[in-house]
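First up is the structure itself, then whatever we jot down about it.
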Amino acid sequence: MKLPWPVSPSPSRACALALAAMLLLASAVPGLGRDDIPELPAPDGSSDTPEMVIQMVDKTKVKLSSLRGKVVLLNFFLSTCPHCQEQAPHLAELYAQYRQRGLAVVGLASDPPTNGESVRAFVRNQKVTYPVGFITTELVAYYTDSHNHSVPQMVLFGPDGKMARRLIGWDEKNDKELRAAIQAQLQRLPTVKPGSKASGRPNRRRYAHA
């Protein structure tokens with residue numbers, strides 16, 4: 001599907017164009033955007049959510065089910081959106097602070113994959129350290145707000161794989177709410193009992209590639 005945006009949109013139009021594109025993607029999958037609590041796919045296929053594969057900017061592919069069991073933040077953004085550019089360093093800080101405790105952050109660009117250089121420039125310029133890929137129709141339909149597809153949009157999942165918080169836009173209030181929500185979900189991760197020989201740090205398995 002050819003998305004209705006120029007290759008290099010001006011910053012003043014960027015967020016509006018991202019909204020239009022994401023609405024177009026969501027409308028392509030009727031019946032989704034359910035009112036029940038969204039969840040990540042289960043690795044064994046037992047959940048109602050189908051497996052979804054993310055095309056990363058480094059050309060690898062990541063199965064979304066491989067993140068289940070961690071505290072997962074999916075961040076929908078557009079590389080030329082000023083608010084997204086402002087937000088990215090804060091997410092990189094959160095990722096650095098909490099990744100060893102079990103936080104996984106994945107950036108999902110609403111730029112078309114053919115505009116990958118703009119996304120790579122975004123990663124370099126904003127010093128993004130978390131993995132970044134491209135949105136798909138299913139990701140938008142299952143996880144973004146069914147009435148508001150603005151960016152940036154953050155969707156946080158607990159270790160049980162269920163959505164715990166969704167925030168739209170970026171300001172000081174959302175920054176504080178996101179930090180509090182991440183800390184609360186990290187508290188739900190299993191801890192090692194006293195005297196156990198197992199490490200208290202979360203499993204650092206690599207993301208499963210398609």
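Scheme for the structure tokens: letters A, B, ... for chains in order shown; per-chain residue numbers from 1; ligand numbers from 1 in order shown.
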
ask   = What lies within 9 Å of Asp160 in chain A using only C-alpha atoms, ignoring chain neighbours under 4 positions off, as number ranges by chain?
value = A: 39-40, 68-71, 188

ask   = In Å, with one decimal, what is the gap from CA of Lys59 in chain A to CA of Val128 in chain A?
value =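 Computing it gives 16.9 Å between the two atoms.
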
query = Using only C-alpha atoms, which residue out of A:Lys63, A:His83, A:Arg99, A:His147 lies closest to Glu172 in chain A?
reply = A:His83

Distance in Å - CA of Leu139 in chain A versus CA of Gln55 in chain A =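 According to the coordinates, CA of Leu139 in chain A and CA of Gln55 in chain A are separated by 11.7 Å.
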
key: Residues of range 110-205 of chain A in alpha helix (DSSP H), written as a ChimeraX atom specification   = /A:116-125,137-143,172-186

Atoms to include: C-alpha atoms. Write the selected residues as a PDB file, in the first residue's frame.
```pdb
ATOM      1  CA  GLY A 116      14.841   4.120   6.214  1.00  0.00           C
ATOM      2  CA  GLU A 117      17.633   6.696   6.004  1.00  0.00           C
ATOM      3  CA  SER A 118      15.457   9.249   7.805  1.00  0.00           C
ATOM      4  CA  VAL A 119      14.851   6.715  10.592  1.00  0.00           C
ATOM      5  CA  ARG A 120      18.565   5.884  10.823  1.00  0.00           C
ATOM      6  CA  ALA A 121      19.321   9.611  11.042  1.00  0.00           C
ATOM      7  CA  PHE A 122      16.755   9.884  13.841  1.00  0.00           C
ATOM      8  CA  VAL A 123      18.490   7.051  15.721  1.00  0.00           C
ATOM      9  CA  ARG A 124      21.891   8.730  15.332  1.00  0.00           C
ATOM     10  CA  ASN A 125      20.835  12.291  16.072  1.00  0.00           C
ATOM     11  CA  THR A 137      -1.006  -2.704   9.933  1.00  0.00           C
ATOM     12  CA  GLU A 138      -1.441  -5.274  12.728  1.00  0.00           C
ATOM     13  CA  LEU A 139       0.682  -3.365  15.245  1.00  0.00           C
ATOM     14  CA  VAL A 140      -1.372  -0.202  14.742  1.00  0.00           C
ATOM     15  CA  ALA A 141      -4.701  -2.011  14.830  1.00  0.00           C
ATOM     16  CA  TYR A 142      -3.996  -4.124  17.908  1.00  0.00           C
ATOM     17  CA  TYR A 143      -2.095  -1.682  20.095  1.00  0.00           C
ATOM     18  CA  GLU A 172       6.544  16.468  31.593  1.00  0.00           C
ATOM     19  CA  LYS A 173       3.326  14.893  32.871  1.00  0.00           C
ATOM     20  CA  ASN A 174       3.542  11.921  30.496  1.00  0.00           C
ATOM     21  CA  ASP A 175       7.226  11.510  31.301  1.00  0.00           C
ATOM     22  CA  LYS A 176       6.438  11.146  35.008  1.00  0.00           C
ATOM     23  CA  GLU A 177       3.464   8.840  34.370  1.00  0.00           C
ATOM     24  CA  LEU A 178       5.522   6.597  32.110  1.00  0.00           C
ATOM     25  CA  ARG A 179       8.346   6.306  34.631  1.00  0.00           C
ATOM     26  CA  ALA A 180       5.917   5.450  37.416  1.00  0.00           C
ATOM     27  CA  ALA A 181       4.143   2.852  35.265  1.00  0.00           C
ATOM     28  CA  ILE A 182       7.432   1.186  34.277  1.00  0.00           C
ATOM     29  CA  GLN A 183       8.598   1.021  37.893  1.00  0.00           C
ATOM     30  CA  ALA A 184       5.288  -0.495  38.971  1.00  0.00           C
ATOM     31  CA  GLN A 185       5.464  -3.204  36.299  1.00  0.00           C
ATOM     32  CA  LEU A 186       9.106  -4.014  37.055  1.00  0.00           C
TER      33      LEU A 186
END
```

query = For Pro159 in chain A, which of A:Leu103, A:Val57, A:Ala109, A:Leu189 is the closest residue, counting only C-alpha atoms?
reply = A:Leu189

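Taking CA of Arg165 in chain A and CA of Asn75 in chain A as the two end points, the separation is 11.9 Å.
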
task = Extract the full set of strand (DSSP E) residues from range 19-144 of chain A according to DSSP on the backbone, and format it as a ChimeraX atom specification.
result = /A:53-55,61-63,71-77,103-109,132-134

ask   = Could you pull the residues within 10 Å of Tyr95 in chain A, counting only C-alpha atoms, minus those fewer than 2 positions along the same chain, as a ChimeraX atom specification?
value = /A:73,89-93,97-106,128-130

What would the file look like if the residues just selected were written as a PDB file, in the first residue's frame with C-alpha atoms?
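Output saved as result_3.pdb:
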```
ATOM      1  CA  LEU A  73       7.383  -0.523  25.925  1.00  0.00           C
ATOM      2  CA  PRO A  89      16.502  10.745  24.515  1.00  0.00           C
ATOM      3  CA  HIS A  90      14.211  10.306  27.529  1.00  0.00           C
ATOM      4  CA  LEU A  91      13.272   6.800  26.383  1.00  0.00           C
ATOM      5  CA  ALA A  92      16.947   6.010  25.823  1.00  0.00           C
ATOM      6  CA  GLU A  93      17.607   7.103  29.406  1.00  0.00           C
ATOM      7  CA  GLN A  97      18.332   2.677  33.595  1.00  0.00           C
ATOM      8  CA  TYR A  98      15.995  -0.317  33.607  1.00  0.00           C
ATOM      9  CA  ARG A  99      17.047  -2.763  30.881  1.00  0.00           C
ATOM     10  CA  GLN A 100      19.039  -4.883  33.328  1.00  0.00           C
ATOM     11  CA  ARG A 101      15.910  -5.213  35.457  1.00  0.00           C
ATOM     12  CA  GLY A 102      13.843  -6.516  32.552  1.00  0.00           C
ATOM     13  CA  LEU A 103      12.648  -3.506  30.521  1.00  0.00           C
ATOM     14  CA  ALA A 104      12.520  -3.892  26.735  1.00  0.00           C
ATOM     15  CA  VAL A 105      11.886  -0.825  24.559  1.00  0.00           C
ATOM     16  CA  VAL A 106      11.113  -1.051  20.852  1.00  0.00           C
ATOM     17  CA  VAL A 128      18.654   6.119  20.461  1.00  0.00           C
ATOM     18  CA  THR A 129      20.059   2.947  22.040  1.00  0.00           C
ATOM     19  CA  TYR A 130      16.953   0.733  22.008  1.00  0.00           C
TER      20      TYR A 130
END
```

message = Taking 6 positions as the minimum chain separation for residues in the same chain, which residues sit within 9 Å of Thr136 in chain A when counting only C-alpha atoms? Answer as a PyMOL selection string.
response = chain A and resi 25+52-55+108+110

Would you mind exporting the chosen residues as a PDB file, in the first residue's frame, restricted to N, CA and C atoms?
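Saved the output as result24.pdb:
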```pdb
ATOM      1  N   LEU A  25      -3.675   2.767   7.957  1.00  0.00           N
ATOM      2  CA  LEU A  25      -3.254   1.403   8.257  1.00  0.00           C
ATOM      3  C   LEU A  25      -4.299   0.679   9.094  1.00  0.00           C
ATOM      4  N   MET A  52       3.251 -11.423  15.523  1.00  0.00           N
ATOM      5  CA  MET A  52       3.567 -10.276  14.673  1.00  0.00           C
ATOM      6  C   MET A  52       5.081 -10.173  14.565  1.00  0.00           C
ATOM      7  N   VAL A  53       5.552  -9.843  13.386  1.00  0.00           N
ATOM      8  CA  VAL A  53       6.988  -9.759  13.131  1.00  0.00           C
ATOM      9  C   VAL A  53       7.334  -8.326  12.762  1.00  0.00           C
ATOM     10  N   ILE A  54       8.345  -7.786  13.420  1.00  0.00           N
ATOM     11  CA  ILE A  54       8.775  -6.408  13.195  1.00  0.00           C
ATOM     12  C   ILE A  54      10.008  -6.399  12.294  1.00  0.00           C
ATOM     13  N   GLN A  55       9.940  -5.626  11.225  1.00  0.00           N
ATOM     14  CA  GLN A  55      11.104  -5.417  10.358  1.00  0.00           C
ATOM     15  C   GLN A  55      11.945  -4.306  10.977  1.00  0.00           C
ATOM     16  N   LEU A 108       8.904   2.067  17.030  1.00  0.00           N
ATOM     17  CA  LEU A 108       8.196   1.646  15.831  1.00  0.00           C
ATOM     18  C   LEU A 108       7.932   2.873  14.965  1.00  0.00           C
ATOM     19  N   SER A 110       6.666   5.171  12.007  1.00  0.00           N
ATOM     20  CA  SER A 110       5.573   5.219  11.050  1.00  0.00           C
ATOM     21  C   SER A 110       6.057   5.694   9.685  1.00  0.00           C
TER      22      SER A 110
END
```

At a cut-off of 8 Å, using only C-alpha atoms, what residues contact Gly107 in chain A? Leave out same-chain residues fewer than 5 positions from it and give the result as a PDB file with C-alpha atoms, in the first residue's frame.
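What follows is the written file selection_21.pdb:
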```pdb
ATOM      1  CA  LEU A  74       6.319  -0.113  22.299  1.00  0.00           C
ATOM      2  CA  ASN A  75       6.854   3.450  21.136  1.00  0.00           C
ATOM      3  CA  PHE A  76       5.133   4.606  17.937  1.00  0.00           C
ATOM      4  CA  PHE A  77       6.863   7.623  16.391  1.00  0.00           C
ATOM      5  CA  TYR A 130      16.953   0.733  22.008  1.00  0.00           C
ATOM      6  CA  PRO A 131      15.943  -1.367  18.965  1.00  0.00           C
ATOM      7  CA  VAL A 132      13.964   0.411  16.242  1.00  0.00           C
ATOM      8  CA  GLY A 133      11.776  -1.062  13.505  1.00  0.00           C
ATOM      9  CA  PHE A 134       8.800  -0.144  11.338  1.00  0.00           C
TER      10      PHE A 134
END
```
